[in-house]
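Peer 1: Contents of coords05.cif (mmCIF, C-alpha atoms):
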```
data_input
loop_
_atom_site.group_PDB
_atom_site.id
_atom_site.type_symbol
_atom_site.label_atom_id
_atom_site.label_comp_id
_atom_site.auth_asym_id
_atom_site.auth_seq_id
_atom_site.Cartn_x
_atom_site.Cartn_y
_atom_site.Cartn_z
ATOM 1 C CA MET A 1 -55.621 -49.825 -25.365
ATOM 2 C CA ARG A 2 -54.501 -46.348 -26.367
ATOM 3 C CA GLY A 3 -54.233 -45.291 -22.709
ATOM 4 C CA HIS A 4 -51.763 -48.102 -22.024
ATOM 5 C CA ALA A 5 -49.716 -47.117 -25.071
ATOM 6 C CA CYS A 6 -49.664 -43.486 -23.995
ATOM 7 C CA ARG A 7 -48.475 -44.383 -20.495
ATOM 8 C CA LEU A 8 -45.572 -46.379 -21.879
ATOM 9 C CA TRP A 9 -44.751 -43.716 -24.475
ATOM 10 C CA LEU A 10 -44.731 -40.993 -21.804
ATOM 11 C CA LEU A 11 -42.538 -43.205 -19.649
ATOM 12 C CA LEU A 12 -40.139 -43.583 -22.560
ATOM 13 C CA VAL A 13 -40.006 -39.825 -22.999
ATOM 14 C CA CYS A 14 -39.395 -39.296 -19.268
ATOM 15 C CA VAL A 15 -36.551 -41.787 -18.956
ATOM 16 C CA GLY A 16 -35.110 -41.362 -22.424
ATOM 17 C CA CYS A 17 -32.222 -39.277 -21.164
ATOM 18 C CA GLN A 18 -31.221 -42.116 -18.816
ATOM 19 C CA LEU A 19 -31.448 -44.970 -21.298
ATOM 20 C CA PRO A 20 -28.265 -46.562 -22.567
ATOM 21 C CA GLY A 21 -27.502 -45.779 -26.159
ATOM 22 C CA PRO A 22 -24.575 -45.846 -28.509
ATOM 23 C CA VAL A 23 -21.244 -44.880 -27.027
ATOM 24 C CA GLU A 24 -20.555 -41.284 -27.908
ATOM 25 C CA GLU A 25 -17.533 -40.980 -30.120
ATOM 26 C CA PRO A 26 -14.867 -38.478 -29.035
ATOM 27 C CA PRO A 27 -14.385 -35.298 -31.040
ATOM 28 C CA SER A 28 -12.322 -35.877 -34.143
ATOM 29 C CA LEU A 29 -8.813 -34.493 -34.226
ATOM 30 C CA PRO A 30 -7.323 -32.976 -37.352
ATOM 31 C CA LEU A 31 -5.161 -35.469 -39.214
ATOM 32 C CA SER A 32 -2.061 -33.448 -38.411
ATOM 33 C CA ALA A 33 -2.815 -33.648 -34.685
ATOM 34 C CA ARG A 34 -3.335 -37.421 -34.556
ATOM 35 C CA PRO A 35 -0.580 -39.692 -33.297
ATOM 36 C CA ALA A 36 1.095 -41.667 -36.037
ATOM 37 C CA ASN A 37 -0.042 -44.970 -34.520
ATOM 38 C CA ALA A 38 -3.661 -43.859 -33.859
ATOM 39 C CA VAL A 39 -6.320 -46.351 -34.963
ATOM 40 C CA SER A 40 -9.759 -45.053 -35.971
ATOM 41 C CA ASP A 41 -12.844 -46.594 -34.383
ATOM 42 C CA PRO A 42 -14.452 -48.631 -37.184
ATOM 43 C CA GLY A 43 -17.784 -48.842 -35.318
ATOM 44 C CA ALA A 44 -18.223 -45.146 -34.574
ATOM 45 C CA GLU A 45 -19.858 -44.344 -37.887
ATOM 46 C CA THR A 46 -22.260 -47.296 -37.530
ATOM 47 C CA ARG A 47 -23.256 -46.237 -34.028
ATOM 48 C CA SER A 48 -23.781 -42.679 -35.162
ATOM 49 C CA ALA A 49 -25.995 -43.858 -38.030
ATOM 50 C CA ALA A 50 -28.013 -46.045 -35.649
ATOM 51 C CA ARG A 51 -28.588 -43.112 -33.329
ATOM 52 C CA ARG A 52 -29.698 -40.870 -36.198
ATOM 53 C CA LEU A 53 -32.214 -43.516 -37.312
ATOM 54 C CA TRP A 54 -33.547 -43.863 -33.762
ATOM 55 C CA GLU A 55 -33.935 -40.076 -33.459
ATOM 56 C CA GLU A 56 -35.837 -40.027 -36.764
ATOM 57 C CA GLY A 57 -38.089 -42.720 -35.313
ATOM 58 C CA GLN A 58 -38.704 -40.540 -32.262
ATOM 59 C CA ARG A 59 -39.758 -37.669 -34.516
ATOM 60 C CA ALA A 60 -42.090 -39.978 -36.443
ATOM 61 C CA MET A 61 -43.730 -41.053 -33.176
ATOM 62 C CA ARG A 62 -44.240 -37.447 -32.112
ATOM 63 C CA GLN A 63 -45.862 -36.826 -35.494
ATOM 64 C CA GLY A 64 -48.270 -39.752 -34.984
ATOM 65 C CA GLN A 65 -46.603 -42.065 -37.529
ATOM 66 C CA PRO A 66 -45.970 -45.356 -35.657
ATOM 67 C CA GLU A 67 -45.554 -47.436 -38.843
ATOM 68 C CA ARG A 68 -42.743 -45.203 -40.070
ATOM 69 C CA ALA A 69 -41.242 -45.138 -36.572
ATOM 70 C CA ILE A 70 -41.189 -48.950 -36.445
ATOM 71 C CA ALA A 71 -39.320 -49.133 -39.740
ATOM 72 C CA LEU A 72 -36.753 -46.596 -38.523
ATOM 73 C CA TYR A 73 -36.261 -48.313 -35.149
ATOM 74 C CA GLU A 74 -35.735 -51.654 -36.901
ATOM 75 C CA GLN A 75 -33.144 -50.064 -39.182
ATOM 76 C CA SER A 76 -31.458 -48.599 -36.112
ATOM 77 C CA LEU A 77 -31.234 -52.035 -34.494
ATOM 78 C CA ALA A 78 -29.961 -53.576 -37.721
ATOM 79 C CA ALA A 79 -27.184 -50.985 -37.779
ATOM 80 C CA ASP A 80 -26.304 -51.451 -34.083
ATOM 81 C CA PRO A 81 -27.954 -54.356 -32.195
ATOM 82 C CA ARG A 82 -26.536 -52.982 -28.931
ATOM 83 C CA MET A 83 -28.848 -49.996 -29.086
ATOM 84 C CA THR A 84 -31.383 -51.580 -26.765
ATOM 85 C CA ARG A 85 -33.404 -48.386 -26.286
ATOM 86 C CA ALA A 86 -34.767 -49.090 -29.759
ATOM 87 C CA HIS A 87 -36.564 -52.144 -28.341
ATOM 88 C CA LEU A 88 -38.382 -49.936 -25.833
ATOM 89 C CA SER A 89 -39.222 -47.508 -28.617
ATOM 90 C CA LEU A 90 -40.519 -50.371 -30.758
ATOM 91 C CA ALA A 91 -42.713 -51.548 -27.882
ATOM 92 C CA ALA A 92 -44.207 -48.060 -27.559
ATOM 93 C CA ALA A 93 -44.795 -47.853 -31.314
ATOM 94 C CA TYR A 94 -46.536 -51.228 -31.459
ATOM 95 C CA LEU A 95 -48.704 -50.266 -28.492
ATOM 96 C CA GLU A 96 -49.592 -47.028 -30.237
ATOM 97 C CA LYS A 97 -50.850 -49.173 -33.129
ATOM 98 C CA GLY A 98 -52.836 -51.321 -30.701
ATOM 99 C CA ASP A 99 -50.610 -54.359 -31.324
ATOM 100 C CA GLU A 100 -49.845 -55.624 -27.818
ATOM 101 C CA ALA A 101 -48.542 -58.984 -29.055
ATOM 102 C CA GLY A 102 -46.079 -57.172 -31.323
ATOM 103 C CA ALA A 103 -44.894 -54.990 -28.432
ATOM 104 C CA CYS A 104 -44.287 -57.875 -26.037
ATOM 105 C CA PRO A 105 -41.038 -59.387 -27.417
ATOM 106 C CA HIS A 106 -39.426 -55.951 -27.670
ATOM 107 C CA LEU A 107 -40.330 -55.075 -24.100
ATOM 108 C CA ALA A 108 -38.958 -58.476 -23.056
ATOM 109 C CA ARG A 109 -35.655 -57.762 -24.833
ATOM 110 C CA TYR A 110 -35.413 -54.363 -23.180
ATOM 111 C CA VAL A 111 -36.069 -55.496 -19.608
ATOM 112 C CA GLY A 112 -33.735 -58.438 -20.157
ATOM 113 C CA ALA A 113 -30.968 -55.991 -21.007
ATOM 114 C CA HIS A 114 -31.934 -53.456 -18.312
ATOM 115 C CA PRO A 115 -33.474 -55.207 -15.284
ATOM 116 C CA GLU A 116 -32.615 -52.143 -13.192
ATOM 117 C CA HIS A 117 -35.435 -50.190 -14.897
ATOM 118 C CA LEU A 118 -38.020 -51.394 -12.404
ATOM 119 C CA VAL A 119 -41.022 -49.388 -13.563
ATOM 120 C CA ILE A 120 -40.628 -50.734 -17.084
ATOM 121 C CA ARG A 121 -40.428 -54.276 -15.696
ATOM 122 C CA VAL A 122 -43.806 -53.676 -14.072
ATOM 123 C CA GLN A 123 -45.119 -52.426 -17.440
ATOM 124 C CA TYR A 124 -43.855 -55.656 -19.017
ATOM 125 C CA ALA A 125 -45.623 -57.767 -16.373
ATOM 126 C CA GLU A 126 -48.797 -55.759 -17.015
ATOM 127 C CA LEU A 127 -48.523 -56.385 -20.755
ATOM 128 C CA LEU A 128 -48.117 -60.130 -20.165
ATOM 129 C CA TRP A 129 -51.229 -60.039 -17.968
ATOM 130 C CA ARG A 130 -53.200 -58.256 -20.677
ATOM 131 C CA LEU A 131 -52.109 -60.975 -23.124
ATOM 132 C CA ARG A 132 -53.428 -63.636 -20.678
ATOM 133 C CA ARG A 133 -49.954 -65.075 -20.136
ATOM 134 C CA ARG A 134 -50.677 -65.380 -16.439
ATOM 135 C CA SER A 135 -47.791 -67.588 -15.303
ATOM 136 C CA GLU A 136 -45.202 -65.365 -16.975
ATOM 137 C CA SER A 137 -46.906 -62.233 -15.705
ATOM 138 C CA ARG A 138 -46.934 -63.539 -12.143
ATOM 139 C CA ALA A 139 -43.223 -64.400 -12.314
ATOM 140 C CA VAL A 140 -42.313 -60.879 -13.468
ATOM 141 C CA PHE A 141 -44.574 -59.162 -10.923
ATOM 142 C CA GLU A 142 -43.215 -61.330 -8.087
ATOM 143 C CA ALA A 143 -39.614 -60.706 -9.113
ATOM 144 C CA ALA A 144 -40.204 -56.948 -9.258
ATOM 145 C CA VAL A 145 -41.744 -56.987 -5.771
ATOM 146 C CA ALA A 146 -38.996 -59.181 -4.343
ATOM 147 C CA GLU A 147 -36.175 -57.097 -5.749
ATOM 148 C CA ALA A 148 -37.601 -53.609 -5.352
ATOM 149 C CA GLN A 149 -39.920 -53.322 -2.349
ATOM 150 C CA ASP A 150 -37.775 -50.484 -1.004
ATOM 151 C CA GLU A 151 -37.532 -48.707 -4.368
ATOM 152 C CA LEU A 152 -40.872 -48.924 -6.162
ATOM 153 C CA PRO A 153 -43.449 -46.234 -5.326
ATOM 154 C CA LEU A 154 -46.355 -47.420 -3.166
ATOM 155 C CA SER A 155 -48.754 -47.034 -6.087
ATOM 156 C CA HIS A 156 -46.691 -49.459 -8.184
ATOM 157 C CA LEU A 157 -46.453 -51.995 -5.350
ATOM 158 C CA ILE A 158 -50.221 -51.785 -4.824
ATOM 159 C CA HIS A 159 -50.726 -52.417 -8.530
ATOM 160 C CA CYS A 160 -48.389 -55.439 -8.439
ATOM 161 C CA HIS A 161 -50.269 -57.034 -5.541
ATOM 162 C CA SER A 162 -53.618 -56.242 -7.150
ATOM 163 C CA ARG A 163 -52.596 -58.091 -10.312
ATOM 164 C CA LEU A 164 -51.109 -60.971 -8.304
ATOM 165 C CA THR A 165 -54.452 -61.237 -6.475
ATOM 166 C CA GLN A 166 -56.318 -61.432 -9.782
ATOM 167 C CA ILE A 167 -53.937 -64.055 -11.148
ATOM 168 C CA ALA A 168 -54.243 -66.150 -7.979
ATOM 169 C CA GLU A 169 -58.032 -65.847 -8.104
ATOM 170 C CA ALA A 170 -58.078 -67.011 -11.732
ATOM 171 C CA GLU A 171 -55.799 -69.942 -10.852
ATOM 172 C CA GLU A 172 -57.868 -70.749 -7.710
ATOM 173 C CA GLU A 173 -54.827 -70.412 -5.451
ATOM 174 C CA LYS A 174 -56.448 -69.335 -2.195
ATOM 175 C CA TYR A 175 -53.290 -68.684 -0.191
ATOM 176 C CA ASP A 176 -51.779 -66.356 -2.810
ATOM 177 C CA GLU A 177 -55.136 -64.650 -3.308
ATOM 178 C CA HIS A 178 -55.628 -63.845 0.391
ATOM 179 C CA LEU A 179 -51.955 -62.972 0.927
ATOM 180 C CA ASN A 180 -51.661 -60.534 -1.965
ATOM 181 C CA ARG A 181 -55.040 -58.948 -1.271
ATOM 182 C CA GLY A 182 -54.041 -58.487 2.357
ATOM 183 C CA ILE A 183 -50.667 -56.973 1.475
ATOM 184 C CA GLY A 184 -52.309 -54.721 -1.108
ATOM 185 C CA LEU A 185 -54.867 -53.457 1.412
ATOM 186 C CA TYR A 186 -52.110 -52.801 3.949
ATOM 187 C CA LEU A 187 -50.132 -50.803 1.365
ATOM 188 C CA LEU A 188 -53.289 -48.948 0.333
ATOM 189 C CA ALA A 189 -53.837 -47.999 3.992
ATOM 190 C CA ARG A 190 -50.285 -46.637 4.124
ATOM 191 C CA GLU A 191 -50.907 -44.621 0.977
ATOM 192 C CA ARG A 192 -54.238 -43.408 2.327
ATOM 193 C CA ALA A 193 -52.655 -42.343 5.627
ATOM 194 C CA ALA A 194 -50.485 -39.848 3.763
ATOM 195 C CA LEU A 195 -53.486 -38.043 2.215
ATOM 196 C CA PRO A 196 -54.976 -34.840 3.654
ATOM 197 C CA ASP A 197 -58.235 -36.690 4.484
ATOM 198 C CA PRO A 198 -57.130 -40.177 5.631
ATOM 199 C CA ASP A 199 -60.550 -41.017 7.106
ATOM 200 C CA GLY A 200 -62.633 -40.404 4.013
ATOM 201 C CA GLU A 201 -64.745 -42.996 2.225
ATOM 202 C CA LEU A 202 -61.940 -45.568 2.503
ATOM 203 C CA SER A 203 -60.651 -45.009 6.019
ATOM 204 C CA VAL A 204 -57.186 -46.136 7.034
ATOM 205 C CA GLU A 205 -58.572 -48.135 9.936
ATOM 206 C CA GLY A 206 -61.147 -49.839 7.736
ATOM 207 C CA LEU A 207 -58.499 -50.821 5.186
ATOM 208 C CA LEU A 208 -56.224 -52.175 7.920
ATOM 209 C CA CYS A 209 -59.042 -54.259 9.399
ATOM 210 C CA ARG A 210 -59.819 -55.721 5.973
ATOM 211 C CA ALA A 211 -56.108 -56.433 5.492
ATOM 212 C CA ALA A 212 -56.005 -58.254 8.835
ATOM 213 C CA GLY A 213 -58.935 -60.425 7.755
ATOM 214 C CA GLU A 214 -57.307 -61.417 4.459
ATOM 215 C CA LEU A 215 -53.913 -62.085 6.050
ATOM 216 C CA THR A 216 -55.541 -64.220 8.735
ATOM 217 C CA LEU A 217 -57.183 -66.314 6.008
ATOM 218 C CA ALA A 218 -53.797 -66.681 4.295
ATOM 219 C CA ARG A 219 -52.243 -67.807 7.586
ATOM 220 C CA LEU A 220 -54.973 -70.408 7.996
ATOM 221 C CA GLU A 221 -54.359 -71.683 4.462
ATOM 222 C CA ARG A 222 -50.630 -72.174 5.119
ATOM 223 C CA PRO A 223 -49.814 -72.069 8.830
ATOM 224 C CA ASP A 224 -46.089 -72.646 8.246
ATOM 225 C CA GLU A 225 -45.536 -69.553 6.067
ATOM 226 C CA ALA A 226 -43.959 -66.453 7.625
ATOM 227 C CA ARG A 227 -45.281 -63.761 5.270
ATOM 228 C CA PRO A 228 -48.893 -63.605 6.552
ATOM 229 C CA SER A 229 -47.674 -63.293 10.145
ATOM 230 C CA TRP A 230 -45.104 -60.644 9.212
ATOM 231 C CA TYR A 231 -47.733 -58.462 7.557
ATOM 232 C CA LEU A 232 -50.184 -59.099 10.382
ATOM 233 C CA TYR A 233 -47.515 -57.719 12.707
ATOM 234 C CA LYS A 234 -47.295 -54.577 10.553
ATOM 235 C CA VAL A 235 -51.092 -54.240 10.384
ATOM 236 C CA TRP A 236 -51.646 -54.723 14.137
ATOM 237 C CA SER A 237 -48.810 -52.294 14.872
ATOM 238 C CA ARG A 238 -50.508 -49.591 12.802
ATOM 239 C CA LEU A 239 -53.750 -50.295 14.633
ATOM 240 C CA ALA A 240 -51.870 -49.895 17.954
ATOM 241 C CA GLN A 241 -52.765 -53.456 18.961
ATOM 242 C CA ARG A 242 -49.540 -54.410 20.725
ATOM 243 C CA ARG A 243 -50.397 -57.900 21.960
ATOM 244 C CA PRO A 244 -51.603 -59.356 18.622
ATOM 245 C CA ALA A 245 -48.740 -57.496 16.903
ATOM 246 C CA LEU A 246 -46.098 -59.145 19.109
ATOM 247 C CA ARG A 247 -47.799 -62.521 18.774
ATOM 248 C CA SER A 248 -47.690 -62.204 14.973
ATOM 249 C CA LEU A 249 -44.077 -61.068 15.082
ATOM 250 C CA ARG A 250 -43.120 -64.091 17.170
ATOM 251 C CA GLU A 251 -44.897 -66.384 14.681
ATOM 252 C CA ALA A 252 -43.104 -64.748 11.745
ATOM 253 C CA SER A 253 -39.761 -65.094 13.520
ATOM 254 C CA ASP A 254 -40.355 -68.786 14.269
ATOM 255 C CA ARG A 255 -41.411 -69.585 10.701
ATOM 256 C CA ALA A 256 -38.935 -67.415 8.794
ATOM 257 C CA PRO A 257 -36.070 -69.969 8.675
ATOM 258 C CA PHE A 258 -38.346 -72.493 6.954
ATOM 259 C CA SER A 259 -40.393 -70.336 4.563
ATOM 260 C CA TYR A 260 -40.112 -67.560 1.983
ATOM 261 C CA LEU A 261 -39.602 -63.880 2.702
ATOM 262 C CA THR A 262 -38.330 -61.255 0.299
ATOM 263 C CA PRO A 263 -34.986 -59.617 1.152
ATOM 264 C CA ALA A 264 -36.765 -56.453 2.348
ATOM 265 C CA GLU A 265 -39.123 -58.504 4.513
ATOM 266 C CA GLN A 266 -36.188 -60.404 6.010
ATOM 267 C CA ARG A 267 -34.462 -57.136 6.908
ATOM 268 C CA GLY A 268 -37.652 -55.716 8.383
ATOM 269 C CA LEU A 269 -38.240 -58.832 10.473
ATOM 270 C CA GLN A 270 -34.687 -58.779 11.843
ATOM 271 C CA LEU A 271 -35.003 -55.116 12.838
ATOM 272 C CA ALA A 272 -38.430 -55.656 14.426
ATOM 273 C CA CYS A 273 -37.152 -58.622 16.466
ATOM 274 C CA ARG A 274 -34.137 -56.611 17.568
ATOM 275 C CA ASP A 275 -36.328 -53.735 18.709
ATOM 276 C CA ASN A 276 -38.703 -55.973 20.676
ATOM 277 C CA THR A 277 -36.698 -57.480 23.488
ATOM 278 C CA GLY A 278 -39.328 -60.076 24.317
ATOM 279 C CA LEU A 279 -38.639 -61.841 21.009
ATOM 280 C CA PRO A 280 -35.650 -63.830 19.740
ATOM 281 C CA ARG A 281 -32.912 -61.624 18.309
ATOM 282 C CA LYS A 282 -31.745 -62.259 14.754
#
```
Go ahead and render the structure in this file as structure tokens.

Peer 2:
Amino acid sequence: MRGHACRLWLLLVCVGCQLPGPVEEPPSLPLSARPANAVSDPGAETRSAARRLWEEGQRAMRQGQPERAIALYEQSLAADPRMTRAHLSLAAAYLEKGDEAGACPHLARYVGAHPEHLVIRVQYAELLWRLRRRSESRAVFEAAVAEAQDELPLSHLIHCHSRLTQIAEAEEEKYDEHLNRGIGLYLLARERAALPDPDGELSVEGLLCRAAGELTLARLERPDEARPSWYLYKVWSRLAQRRPALRSLREASDRAPFSYLTPAEQRGLQLACRDNTGLPRK
């Protein structure tokens, strides 16, 4: 419990300088230097007060006082509801207390306002999973994967597919279970290949062979889906098995117009078909 809170709190500290906050008010001019028709900003003082309250909350968190921090963050939001970073801070404070249910709505409000913060979206999906809200968790994990396959670190993508595998297993959805386990093993092999000792206890080749087995089972579950064949193409290519790779690529190409692929998978398939002249060009 505490480990999860610490990860989110450290994440907040790391990205705090990038989070949107109150609009900084320009330096005040002396009255004599202001134009006669100048109109003061009536919200500047409120925004400044909200920021001061949020900063006091940050200090309270650093001092190990989450209850006081929560009160200050709530006052900050009451002063300026647009200060959405306070919702992320509230989530971290509730997690520090061990109150995951209390953290959840604040994390939801934050990712709703800032969907571009992909790592925090994954944290939100993880929190939903921990609260046993499997359907909602799956939707957030799947959306993060679909929108950010080219942006999320491999470790985060592996985590997403691991959780999606567990959700599918709990829901007895065999296709999703085999597909996500296969994709996760393929990504793990890619991560492993970049290590100094890629052929250690979990060898790259062994992981790729296991991935091929899971993806083949997914293909058997739903023969009309393109995703298992697309990832089988990637797996066989890494294993230097050209004939099964091209066969899988052709299957993915044939099925793609009638089934689901993420935007990144669609781009990858188009490039692979273009580079293999024996296959239809996209």

Peer 1: I want to know what sits within 9 Å of Leu261 (chain A), based on only C-alpha atoms, with residues of the same chain fewer than 3 positions away left out; could you give that as a list in words?

Peer 2: Ala146, Glu225, Ala226, Arg227, Ala256, Ala264, Glu265 and Gln266 of chain A

Peer 1: Skipping near chain neighbours, those fewer than 2 positions away, what residues fall within 7 Å of Tyr110 (chain A) using all atoms listed in the file, listed as a PDB file with C-alpha atoms, keeping the file's coordinate frame?

Peer 2:
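The resulting file, around-v1.pdb, is shown below:
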```pdb
ATOM      1  CA  THR A  84     -31.383 -51.580 -26.765  1.00  0.00           C
ATOM      2  CA  HIS A  87     -36.564 -52.144 -28.341  1.00  0.00           C
ATOM      3  CA  LEU A  88     -38.382 -49.936 -25.833  1.00  0.00           C
ATOM      4  CA  HIS A 106     -39.426 -55.951 -27.670  1.00  0.00           C
ATOM      5  CA  LEU A 107     -40.330 -55.075 -24.100  1.00  0.00           C
ATOM      6  CA  ALA A 108     -38.958 -58.476 -23.056  1.00  0.00           C
ATOM      7  CA  GLY A 112     -33.735 -58.438 -20.157  1.00  0.00           C
ATOM      8  CA  ALA A 113     -30.968 -55.991 -21.007  1.00  0.00           C
ATOM      9  CA  HIS A 114     -31.934 -53.456 -18.312  1.00  0.00           C
TER      10      HIS A 114
END
```

Peer 1: Using all atoms listed in the file, find the one residue out of A:Ala69, A:Ala101, A:Val122, A:Ala252 that sits nearest to Ala272 (chain A).

Peer 2: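 Of all the options, A:Ala252 lies closest to Ala272 (chain A).
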
Peer 1: Just checking: using only C-alpha atoms, which residue out of A:Pro66, A:Pro228, A:Gly182, A:Pro223 ends up closest to Cys209 (chain A)?

Peer 2: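 Answer, going by the shortest atom-to-atom distance: A:Gly182.
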
Peer 1: Residues within 10 Å of Leu152 (chain A), please, as a list in words. Count all atoms listed in the file; anything in the same chain fewer than 5 positions from it doesn't count.

Peer 2: Leu118, Val119, Val122, Ala144, Val145, Glu147, Leu157 and Ile158 of chain A

Peer 1: If I wrap all listed atoms of region 178-185 of chain A in a box with edges along x, y and z and add 5 Å on each side, what are its centre and edge lengths in Å to one decimal, as AutoDock Vina command-line options?

Peer 2:
```
--center_x -53.1 --center_y -58.7 --center_z 0.2 --size_x 15.0 --size_y 20.4 --size_z 14.3
```

Peer 1: Using only C-alpha atoms, find all polymer residues with an atom at most 12 Å away from the point (-46.4, -57.8, -23.9); report them as a PyMOL selection string.

Peer 2: chain A and resi 4-5+8+88+90-92+94-95+98-111+120-134+136-137+140

Peer 1: Any chance you could export the current selection's C-alpha atoms as an mmCIF file, keeping the file's coordinate frame?

Peer 2:
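Written out: out-v8.cif:
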```
data_model
loop_
_atom_site.group_PDB
_atom_site.id
_atom_site.type_symbol
_atom_site.label_atom_id
_atom_site.label_comp_id
_atom_site.auth_asym_id
_atom_site.auth_seq_id
_atom_site.Cartn_x
_atom_site.Cartn_y
_atom_site.Cartn_z
ATOM 1 C CA HIS A 4 -51.763 -48.102 -22.024
ATOM 2 C CA ALA A 5 -49.716 -47.117 -25.071
ATOM 3 C CA LEU A 8 -45.572 -46.379 -21.879
ATOM 4 C CA LEU A 88 -38.382 -49.936 -25.833
ATOM 5 C CA LEU A 90 -40.519 -50.371 -30.758
ATOM 6 C CA ALA A 91 -42.713 -51.548 -27.882
ATOM 7 C CA ALA A 92 -44.207 -48.060 -27.559
ATOM 8 C CA TYR A 94 -46.536 -51.228 -31.459
ATOM 9 C CA LEU A 95 -48.704 -50.266 -28.492
ATOM 10 C CA GLY A 98 -52.836 -51.321 -30.701
ATOM 11 C CA ASP A 99 -50.610 -54.359 -31.324
ATOM 12 C CA GLU A 100 -49.845 -55.624 -27.818
ATOM 13 C CA ALA A 101 -48.542 -58.984 -29.055
ATOM 14 C CA GLY A 102 -46.079 -57.172 -31.323
ATOM 15 C CA ALA A 103 -44.894 -54.990 -28.432
ATOM 16 C CA CYS A 104 -44.287 -57.875 -26.037
ATOM 17 C CA PRO A 105 -41.038 -59.387 -27.417
ATOM 18 C CA HIS A 106 -39.426 -55.951 -27.670
ATOM 19 C CA LEU A 107 -40.330 -55.075 -24.100
ATOM 20 C CA ALA A 108 -38.958 -58.476 -23.056
ATOM 21 C CA ARG A 109 -35.655 -57.762 -24.833
ATOM 22 C CA TYR A 110 -35.413 -54.363 -23.180
ATOM 23 C CA VAL A 111 -36.069 -55.496 -19.608
ATOM 24 C CA ILE A 120 -40.628 -50.734 -17.084
ATOM 25 C CA ARG A 121 -40.428 -54.276 -15.696
ATOM 26 C CA VAL A 122 -43.806 -53.676 -14.072
ATOM 27 C CA GLN A 123 -45.119 -52.426 -17.440
ATOM 28 C CA TYR A 124 -43.855 -55.656 -19.017
ATOM 29 C CA ALA A 125 -45.623 -57.767 -16.373
ATOM 30 C CA GLU A 126 -48.797 -55.759 -17.015
ATOM 31 C CA LEU A 127 -48.523 -56.385 -20.755
ATOM 32 C CA LEU A 128 -48.117 -60.130 -20.165
ATOM 33 C CA TRP A 129 -51.229 -60.039 -17.968
ATOM 34 C CA ARG A 130 -53.200 -58.256 -20.677
ATOM 35 C CA LEU A 131 -52.109 -60.975 -23.124
ATOM 36 C CA ARG A 132 -53.428 -63.636 -20.678
ATOM 37 C CA ARG A 133 -49.954 -65.075 -20.136
ATOM 38 C CA ARG A 134 -50.677 -65.380 -16.439
ATOM 39 C CA GLU A 136 -45.202 -65.365 -16.975
ATOM 40 C CA SER A 137 -46.906 -62.233 -15.705
ATOM 41 C CA VAL A 140 -42.313 -60.879 -13.468
#
```

Peer 1: CA of Ala189 (chain A) to CA of Trp230 (chain A): how many Å, to one decimal?

Peer 2: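 Between CA of Ala189 (chain A) and CA of Trp230 (chain A) the gap works out to 16.2 Å.
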
Peer 1: Calculate how many Å separate CA of Leu187 (chain A) from CA of Thr216 (chain A), rounding to one decimal.

Peer 2: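 Value for the CA of Leu187 (chain A)-CA of Thr216 (chain A) distance: 16.2 Å.
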
Peer 1: Just how far from CA of Gln149 (chain A) is CA of Ala86 (chain A), in Å to one decimal?

Peer 2: 28.2 Å

Peer 1: Please work out which residues fall within 7 Å of (-41.4, -44.7, -33.8), coordinates as given in the file, with all atoms listed in the file counting, and return them as a PyMOL selection string.

Peer 2: chain A and resi 57-58+60-61+65-66+68-70+72-73+89-90+93

Peer 1: Take the selection from the previous step and output its residues with C-alpha atoms, as a tab-separated table (two decimals), keeping the file's coordinate frame.

Peer 2:
```
chain	number	residue	atom	x	y	z
A	57	GLY	CA	-38.09	-42.72	-35.31
A	58	GLN	CA	-38.70	-40.54	-32.26
A	60	ALA	CA	-42.09	-39.98	-36.44
A	61	MET	CA	-43.73	-41.05	-33.18
A	65	GLN	CA	-46.60	-42.06	-37.53
A	66	PRO	CA	-45.97	-45.36	-35.66
A	68	ARG	CA	-42.74	-45.20	-40.07
A	69	ALA	CA	-41.24	-45.14	-36.57
A	70	ILE	CA	-41.19	-48.95	-36.44
A	72	LEU	CA	-36.75	-46.60	-38.52
A	73	TYR	CA	-36.26	-48.31	-35.15
A	89	SER	CA	-39.22	-47.51	-28.62
A	90	LEU	CA	-40.52	-50.37	-30.76
A	93	ALA	CA	-44.80	-47.85	-31.31
```

Peer 1: Given the block above, output region 255-272 of chain A with C-alpha atoms as a compact mmCIF listing (two decimals), in the first residue's frame.

Peer 2:
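result-v3.txt written:
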```txt
# COMPACT_ATOMS: atom_id res chain seq x y z
CA ARG A 255 -7.67 -9.33 -41.80
CA ALA A 256 -6.78 -5.73 -40.94
CA PRO A 257 -9.66 -4.06 -42.86
CA PHE A 258 -12.20 -6.08 -40.88
CA SER A 259 -10.73 -6.13 -37.36
CA TYR A 260 -9.15 -3.93 -34.70
CA LEU A 261 -5.60 -2.62 -34.69
CA THR A 262 -4.26 0.31 -32.71
CA PRO A 263 -3.02 3.32 -34.71
CA ALA A 264 0.61 2.32 -34.08
CA GLU A 265 -0.10 -1.25 -35.19
CA GLN A 266 -1.80 0.01 -38.35
CA ARG A 267 1.22 2.15 -39.20
CA GLY A 268 3.60 -0.72 -38.51
CA LEU A 269 1.58 -3.09 -40.69
CA GLN A 270 1.52 -0.63 -43.59
CA LEU A 271 5.29 -0.14 -43.41
CA ALA A 272 5.94 -3.89 -43.16
```
